[in-house]
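S.K.: Contents of query22.cif (mmCIF, C-alpha atoms and all ligand atoms):
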```cif
data_final
#
loop_
_atom_site.label_atom_id
_atom_site.label_comp_id
_atom_site.auth_asym_id
_atom_site.auth_seq_id
_atom_site.Cartn_x
_atom_site.Cartn_y
_atom_site.Cartn_z
CA MET A 1 13.56 8.03 -16.80
CA CYS A 2 11.67 8.91 -19.95
CA ASN A 3 12.08 12.54 -20.98
CA ARG A 4 8.39 12.75 -21.62
CA PHE A 5 7.77 12.34 -17.90
CA ARG A 6 9.26 15.71 -17.04
CA ALA A 7 6.96 18.67 -16.63
CA ASN A 8 6.31 20.34 -19.98
CA LYS A 9 6.52 24.07 -20.56
CA LYS A 10 3.14 24.71 -18.99
CA GLY A 11 4.25 22.84 -15.88
CA ARG A 12 1.98 19.86 -16.44
CA ARG A 13 3.24 16.37 -15.93
CA ASN A 14 2.77 13.38 -18.11
CA VAL A 15 1.11 10.73 -15.99
CA ILE A 16 0.64 8.18 -18.79
CA VAL A 17 3.07 7.69 -21.67
CA PHE A 18 2.79 5.14 -24.49
CA ASN A 19 6.06 5.08 -26.37
CA ALA A 20 5.88 3.19 -29.72
CA VAL A 21 3.83 0.43 -28.12
CA SER A 22 2.82 -2.67 -30.08
CA LYS A 23 0.98 -5.68 -28.76
CA ARG A 24 0.77 -8.99 -30.54
CA TYR A 25 -1.15 -11.69 -28.68
CA GLU A 26 0.14 -15.24 -28.64
CA ASN A 27 -2.23 -16.25 -31.42
CA GLY A 28 -0.45 -13.75 -33.68
CA ARG A 29 -3.20 -11.15 -33.55
CA GLU A 30 -1.74 -7.63 -33.62
CA ALA A 31 -3.98 -5.71 -31.23
CA LEU A 32 -1.92 -2.48 -31.07
CA ALA A 33 0.58 -1.10 -33.57
CA ASN A 34 3.13 1.54 -32.72
CA LEU A 35 0.92 3.45 -30.32
CA ASP A 36 2.19 6.82 -29.12
CA PHE A 37 0.29 9.10 -26.77
CA GLU A 38 0.66 10.95 -23.49
CA MET A 39 -1.80 12.04 -20.83
CA GLN A 40 -1.23 14.72 -18.24
CA THR A 41 -2.34 15.31 -14.68
CA GLY A 42 -6.08 15.89 -14.50
CA GLU A 43 -6.76 15.03 -18.14
CA PHE A 44 -10.10 13.47 -19.03
CA ALA A 45 -9.84 11.28 -22.14
CA PHE A 46 -11.97 8.75 -23.91
CA ILE A 47 -10.60 5.99 -26.03
CA THR A 48 -12.97 4.78 -28.70
CA GLY A 49 -13.02 2.68 -31.88
CA HIS A 50 -14.74 -0.37 -33.37
CA SER A 51 -15.02 -3.69 -31.54
CA GLY A 52 -11.57 -5.26 -31.61
CA ALA A 53 -9.82 -1.91 -32.22
CA GLY A 54 -7.60 -2.41 -29.15
CA LYS A 55 -9.28 -0.26 -26.47
CA SER A 56 -9.28 -2.90 -23.73
CA THR A 57 -5.74 -3.86 -24.67
CA VAL A 58 -4.59 -0.30 -23.88
CA LEU A 59 -6.15 -0.61 -20.43
CA LYS A 60 -4.72 -4.12 -19.92
CA LEU A 61 -1.24 -2.79 -20.61
CA LEU A 62 -1.77 -0.01 -18.06
CA THR A 63 -2.99 -2.47 -15.44
CA VAL A 64 -0.16 -4.88 -16.38
CA ILE A 65 -2.61 -7.68 -17.09
CA GLU A 66 -0.73 -7.85 -20.41
CA ARG A 67 2.77 -6.72 -21.39
CA PRO A 68 3.67 -4.96 -24.67
CA SER A 69 5.43 -6.93 -27.43
CA SER A 70 7.54 -3.83 -28.07
CA GLY A 71 7.73 -0.22 -26.93
CA GLU A 72 7.32 1.06 -23.43
CA VAL A 73 4.47 2.19 -21.16
CA PHE A 74 4.95 4.58 -18.25
CA CYS A 75 2.25 5.27 -15.70
CA ALA A 76 2.11 7.21 -12.44
CA GLY A 77 5.88 7.45 -12.21
CA ASP A 78 6.67 3.82 -13.06
CA SER A 79 8.22 2.29 -16.14
CA LEU A 80 5.94 -0.74 -16.44
CA ARG A 81 8.61 -2.72 -18.29
CA ARG A 82 10.83 -2.56 -15.23
CA LEU A 83 8.15 -3.65 -12.79
CA ARG A 84 8.84 -7.04 -11.29
CA ASN A 85 5.89 -9.34 -10.73
CA ARG A 86 6.00 -8.85 -6.97
CA GLU A 87 5.88 -5.06 -7.45
CA ILE A 88 2.70 -5.14 -9.54
CA PRO A 89 0.21 -5.14 -6.62
CA TYR A 90 1.91 -2.02 -5.20
CA TYR A 91 1.86 -0.31 -8.58
CA ARG A 92 -1.85 -1.13 -8.97
CA ARG A 93 -2.64 0.77 -5.77
CA LYS A 94 -1.99 3.90 -7.82
CA LEU A 95 -4.80 2.95 -10.21
CA GLY A 96 -8.54 3.05 -9.76
CA MET A 97 -10.20 0.54 -12.09
CA VAL A 98 -13.85 0.45 -13.13
CA PHE A 99 -15.29 -2.28 -15.34
CA GLN A 100 -18.59 -2.85 -17.10
CA ASN A 101 -19.08 -5.89 -14.94
CA HIS A 102 -18.30 -4.11 -11.69
CA GLN A 103 -17.25 -7.29 -9.85
CA LEU A 104 -18.82 -6.45 -6.51
CA LEU A 105 -18.98 -9.02 -3.74
CA PHE A 106 -22.67 -9.68 -3.24
CA ASP A 107 -22.26 -11.41 0.13
CA ARG A 108 -20.66 -8.26 1.58
CA SER A 109 -22.18 -4.89 2.40
CA VAL A 110 -21.67 -1.78 0.28
CA PHE A 111 -19.30 -0.52 2.99
CA ASP A 112 -17.18 -3.70 2.90
CA ASN A 113 -16.99 -3.62 -0.89
CA VAL A 114 -15.70 -0.06 -0.94
CA ALA A 115 -13.37 -0.72 2.01
CA LEU A 116 -11.68 -3.69 0.35
CA PRO A 117 -8.68 -1.87 -1.21
CA LEU A 118 -8.00 -0.10 2.10
CA VAL A 119 -8.20 -3.30 4.12
CA ILE A 120 -5.74 -4.94 1.72
CA ALA A 121 -3.42 -1.94 2.00
CA GLY A 122 -3.52 -2.14 5.84
CA TYR A 123 -5.26 1.14 6.70
CA SER A 124 -6.47 1.71 10.28
CA THR A 125 -10.15 1.23 11.11
CA TYR A 126 -10.47 4.97 11.69
CA ASP A 127 -9.07 5.82 8.24
CA ILE A 128 -11.11 3.12 6.55
CA ASN A 129 -14.29 4.47 8.09
CA ARG A 130 -13.47 8.03 7.15
CA ARG A 131 -12.41 7.33 3.59
CA VAL A 132 -15.20 4.90 2.75
CA ARG A 133 -17.82 7.38 3.90
CA ALA A 134 -16.13 10.17 1.93
CA ALA A 135 -16.02 8.04 -1.22
CA LEU A 136 -19.65 6.96 -0.85
CA ASP A 137 -20.66 10.57 -0.30
CA LYS A 138 -18.80 11.53 -3.46
CA VAL A 139 -20.89 9.10 -5.55
CA GLY A 140 -24.14 10.00 -3.77
CA LEU A 141 -24.54 6.76 -1.81
CA LEU A 142 -23.93 7.83 1.77
CA GLY A 143 -26.58 6.16 3.92
CA LYS A 144 -26.58 2.95 1.87
CA GLU A 145 -23.38 1.51 3.31
CA ARG A 146 -25.10 -1.26 5.27
CA LEU A 147 -27.09 -2.59 2.31
CA SER A 148 -26.04 -5.47 0.12
CA PRO A 149 -25.22 -4.49 -3.48
CA LEU A 150 -28.15 -6.78 -4.40
CA GLN A 151 -30.49 -4.19 -2.87
CA LEU A 152 -29.21 -1.48 -5.21
CA SER A 153 -30.11 -0.58 -8.80
CA GLY A 154 -27.64 -1.19 -11.64
CA GLY A 155 -26.56 2.44 -11.64
CA GLU A 156 -26.08 2.44 -7.88
CA GLN A 157 -24.03 -0.75 -8.10
CA GLN A 158 -21.84 0.86 -10.71
CA ARG A 159 -21.38 3.85 -8.40
CA VAL A 160 -20.28 1.49 -5.60
CA GLY A 161 -17.67 0.20 -8.07
CA ILE A 162 -16.53 3.77 -8.68
CA ALA A 163 -16.37 4.55 -4.95
CA ARG A 164 -14.19 1.45 -4.51
CA ALA A 165 -11.97 2.57 -7.39
CA VAL A 166 -11.35 6.02 -5.89
CA VAL A 167 -11.34 5.25 -2.15
CA ASN A 168 -7.57 4.88 -2.22
CA LYS A 169 -7.28 8.32 -3.87
CA PRO A 170 -5.39 7.00 -6.90
CA PRO A 171 -3.80 9.51 -9.28
CA VAL A 172 -5.10 7.51 -12.27
CA LEU A 173 -8.62 6.23 -12.93
CA LEU A 174 -9.18 3.70 -15.73
CA ALA A 175 -12.58 2.51 -16.91
CA ASP A 176 -13.49 -0.08 -19.53
CA GLU A 177 -17.02 0.37 -20.92
CA PRO A 178 -18.26 1.56 -17.51
CA THR A 179 -21.72 2.44 -18.80
CA GLY A 180 -22.32 -0.62 -20.99
CA ASN A 181 -25.27 -1.94 -19.00
CA LEU A 182 -26.84 1.37 -18.01
CA ASP A 183 -29.58 3.51 -19.50
CA PRO A 184 -28.58 6.87 -21.05
CA GLU A 185 -29.48 8.94 -17.99
CA LEU A 186 -27.45 6.81 -15.57
CA SER A 187 -24.61 6.60 -18.06
CA ALA A 188 -24.48 10.38 -18.24
CA GLU A 189 -24.40 10.51 -14.45
CA ILE A 190 -21.45 8.11 -14.32
CA MET A 191 -19.56 10.09 -16.96
CA GLY A 192 -20.26 13.24 -14.93
CA LEU A 193 -18.66 11.60 -11.91
CA PHE A 194 -15.54 10.72 -13.90
CA TYR A 195 -15.35 14.28 -15.12
CA GLN A 196 -15.52 15.57 -11.55
CA PHE A 197 -12.60 13.37 -10.57
CA SER A 198 -10.55 14.79 -13.43
CA GLN A 199 -11.39 18.26 -12.15
CA VAL A 200 -9.64 17.51 -8.86
CA GLY A 201 -6.47 16.33 -10.60
CA VAL A 202 -7.12 12.63 -11.29
CA THR A 203 -6.03 11.48 -14.76
CA VAL A 204 -9.06 9.67 -16.19
CA LEU A 205 -9.05 7.33 -19.21
CA VAL A 206 -12.36 5.75 -20.24
CA ALA A 207 -12.77 3.16 -23.03
CA THR A 208 -16.25 3.43 -24.50
CA HIS A 209 -18.45 2.94 -27.55
CA ASP A 210 -20.92 5.42 -26.12
CA LEU A 211 -19.99 8.47 -28.18
CA GLY A 212 -23.34 10.11 -27.57
CA LEU A 213 -22.44 10.68 -23.94
CA ILE A 214 -19.04 12.11 -24.61
CA SER A 215 -19.99 15.42 -26.16
CA ARG A 216 -21.41 16.85 -22.94
CA TYR A 217 -18.02 17.22 -21.31
CA ASP A 218 -14.80 18.87 -22.34
CA HIS A 219 -12.60 15.99 -23.18
CA ARG A 220 -9.95 14.44 -25.31
CA LEU A 221 -10.94 11.71 -27.72
CA LEU A 222 -8.45 9.08 -28.86
CA THR A 223 -9.75 6.92 -31.72
CA LEU A 224 -8.25 3.52 -32.50
CA HIS A 225 -8.73 1.66 -35.76
CA GLU A 226 -7.28 -1.83 -36.03
CA GLY A 227 -4.78 -1.11 -33.28
CA ARG A 228 -3.60 2.22 -34.67
CA LEU A 229 -4.28 5.67 -33.28
CA VAL A 230 -6.12 7.37 -36.14
CA GLU A 231 -7.39 10.47 -34.34
CA ASP A 232 -6.45 12.43 -31.25
CA TYR A 233 -8.94 15.20 -30.77
CA GLN A 234 -8.93 17.70 -27.94
CA GLU A 235 -11.98 19.66 -26.92
CA THR A 236 -10.24 22.59 -25.29
CA SER A 237 -12.35 25.60 -24.48
CA GLU A 238 -13.66 25.17 -20.94
CA TYR A 239 -11.31 22.31 -20.19
CA GLU A 240 -8.34 24.63 -20.54
CA SER A 241 -9.84 27.31 -18.34
CA GLY A 242 -10.74 24.80 -15.63
CA PHE A 243 -7.39 23.10 -15.67
CA GLU A 244 -5.16 25.32 -13.55
CA GLU A 245 -7.80 25.41 -10.88
CA ALA A 246 -8.02 21.62 -10.99
CA ARG A 247 -4.29 21.23 -10.53
CA ASP A 248 -4.33 23.28 -7.37
CA HIS A 249 -7.04 21.15 -5.95
CA ASP A 250 -6.11 18.20 -3.84
CA PHE A 251 -8.17 15.06 -4.12
CA GLU A 252 -7.64 14.32 -0.44
CA ASP A 253 -9.05 17.71 0.51
CA GLU A 254 -11.94 17.06 -1.81
CA LEU A 255 -12.69 13.73 -0.15
CA ASP A 256 -12.20 15.27 3.26
CA VAL A 257 -14.68 17.99 2.41
CA ALA A 258 -17.09 15.27 1.36
CA HIS A 259 -16.34 13.51 4.63
CA THR A 260 -17.00 16.47 6.85
CA THR A 261 -20.22 17.33 5.09
CA GLY A 262 -21.35 13.72 5.14
CA GLU A 263 -20.45 12.92 8.71
CA VAL A 264 -21.50 15.04 11.64
N1 LIG B 301 -6.13 -12.54 -24.77
C1 LIG B 301 -6.18 -12.40 -26.11
N2 LIG B 301 -5.64 -13.32 -26.94
C2 LIG B 301 -5.67 -13.16 -28.27
N3 LIG B 301 -6.21 -12.11 -28.91
C3 LIG B 301 -6.78 -11.17 -28.14
C4 LIG B 301 -6.80 -11.25 -26.71
N4 LIG B 301 -7.42 -10.16 -26.22
C5 LIG B 301 -7.79 -9.43 -27.30
N5 LIG B 301 -7.40 -10.03 -28.45
C6 LIG B 301 -7.59 -9.51 -29.81
O1 LIG B 301 -6.97 -8.24 -29.89
C7 LIG B 301 -7.77 -7.31 -30.62
C8 LIG B 301 -8.09 -6.12 -29.74
O2 LIG B 301 -8.92 -6.55 -28.67
P1 LIG B 301 -9.49 -5.56 -27.55
O3 LIG B 301 -10.17 -6.40 -26.54
O4 LIG B 301 -8.38 -4.68 -27.11
O5 LIG B 301 -10.53 -4.71 -28.42
P2 LIG B 301 -11.61 -3.63 -27.95
O6 LIG B 301 -11.37 -2.41 -28.76
O7 LIG B 301 -11.60 -3.52 -26.48
O8 LIG B 301 -12.97 -4.32 -28.45
P3 LIG B 301 -14.45 -4.29 -27.78
O9 LIG B 301 -15.04 -2.97 -28.18
O10 LIG B 301 -15.15 -5.43 -28.47
O11 LIG B 301 -14.32 -4.47 -26.31
C9 LIG B 301 -9.01 -8.11 -31.06
O12 LIG B 301 -8.79 -8.54 -32.37
C10 LIG B 301 -9.05 -9.28 -30.11
O13 LIG B 301 -9.63 -10.39 -30.71
MG MG B 302 -13.00 -3.96 -24.97
#
```
Rewrite the coordinates I just gave you, this time as structure tokens.
M.R.:
Amino acid sequence: MCNRFRANKKGRRNVIVFNAVSKRYENGREALANLDFEMQTGEFAFITGHSGAGKSTVLKLLTVIERPSSGEVFCAGDSLRRLRNREIPYYRRKLGMVFQNHQLLFDRSVFDNVALPLVIAGYSTYDINRRVRAALDKVGLLGKERLSPLQLSGGEQQRVGIARAVVNKPPVLLADEPTGNLDPELSAEIMGLFYQFSQVGVTVLVATHDLGLISRYDHRLLTLHEGRLVEDYQETSEYESGFEEARDHDFEDELDVAHTTGEV
């Protein structure tokens, strides 16, 4: 077990640890060089940098779509180096993933799209119903569960993608350019949703070019340049004061509250 996983002196736990991580793709391209950073429970961080800086590669290592060339990544209690291939789907249940291209199934209803991770994980019909409605309520889409995603706007479709990412109540939420196709107002709304999840203890890492949207929220900003971490900036003021409260909050309770208010 990596020492950096233990609770630090303020009692916060590292949920994500990059330990001297480098990634060289097969074509010889060095996408990440000696990357070191940690993220704690309930942290809200953006990762930014020029096109090709390595942002998506960081997320691909966390989702184990790619493996590091050297160094080690830890996430949600697992050493990813030690994960066997057959263990990867179970590990991924601890991650919520949101992409620019939200990859919804257009021949299924909104409900079915959000329910998918729960169906795969073998939840009961009762739990699926309860959790899907809670997640849709959370993103402001309760009442639209019978529609096809084709009947929704781009922003609403992206929110369905977010509901699907969080329906399993993962401790970690990862997003790669989640607002790339949206106008500034909808993008701000999506970022606001991510921030809310961090406030209930979810560790949220968002790769984005959209720096204009970032400044509204207390956040941490990791900047990559040619695969190297060149800046790690923490906006602390309100974030710090909100943190202890966030840690005491349980995401399940939060979703259950949403459920009870959304369902008579
Ligand atoms: N599968 C791959 N094979 C080879 N090289 C790759 C692969 N994926 C990414 N790269 C290279 O690694 C570097 C980092 O790519 P990455 O996709 O992580 O950048 P990014 O910061 O997400 O860029 P963008 O802002 O354009 O999405 C780039 O030079 C890219 O060309
Ligand atoms: Mg990218």
S.K.: Leaving out Ala188 (chain A) and any residue of its chain fewer than 3 positions from it, which residues lie within 12 Å of it when counting all atoms listed in the file, given as a ChimeraX atom specification?
M.R.: /A:155,178-180,182-185,191-195,210-217
S.K.: Quick check, in Å to one decimal: how far apart do CA of Ala115 (chain A) and CA of Gln158 (chain A) lie?
M.R.: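 Interatomic distance, CA of Ala115 (chain A) to CA of Gln158 (chain A): 15.4 Å.
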S.K.: Extending 4 Å beyond the listed atoms of region 74-79 of chain A on each side, what axis-aligned box results? I want centre and edge lengths in Å to one decimal, as JSON.
M.R.:
```
{"center_x": 5.2, "center_y": 4.9, "center_z": -15.2, "size_x": 14.1, "size_y": 13.2, "size_z": 14.0}
```
S.K.: Enumerate residues in contact with ligand MG 302 (chain B): an atom-to-atom distance of at most 12 Å, counting only C-alpha atoms and all ligand atoms. Format the result as a ChimeraX atom specification.
M.R.: /A:31,47-60,99-101,175-178,180,206-209,224
S.K.: Using only C-alpha atoms, which residue out of A:Val98, A:Ile120, A:Ile162, A:Leu35 lies closest to Lys138 (chain A)?
M.R.: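 That would be A:Ile162, the residue with the smallest distance to Lys138 (chain A).
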S.K.: For a quick check of your reading of the model, name the residues lying within 10 Å of the coordinate (-11.3, 7.3, -6.0), counting all atoms listed in the file, and write them as an NGL selection string.
M.R.: :A and (95-97 or 114 or 131-132 or 134-136 or 138-139 or 161-173 or 194 or 197 or 202 or 251-252 or 255)
S.K.: Would you mind telling me which residue in A:Ala33, A:Ile16, A:Val200, A:Leu83 lies nearest to ligand LIG 301 (chain B) when using all atoms listed in the file?
M.R.: A:Ala33
S.K.: Residues around (-9.5, 18.0, -18.3), cut-off 6 Å, counting only C-alpha atoms - what are they as an MDAnalysis selection string?
M.R.: chainID A and resid 42:44 198 239
S.K.: For a quick check of understanding, using only C-alpha atoms and all ligand atoms, which of A:Thr41, A:Thr223, A:Asn14, A:Gln157 has the smallest distance to ligand LIG 301 (chain B)?
M.R.: A:Thr223
S.K.: In Å, with one decimal, what is the gap from CA of Pro117 (chain A) to CA of Arg133 (chain A)?
M.R.: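 Separation between CA of Pro117 (chain A) and CA of Arg133 (chain A): 14.0 Å.
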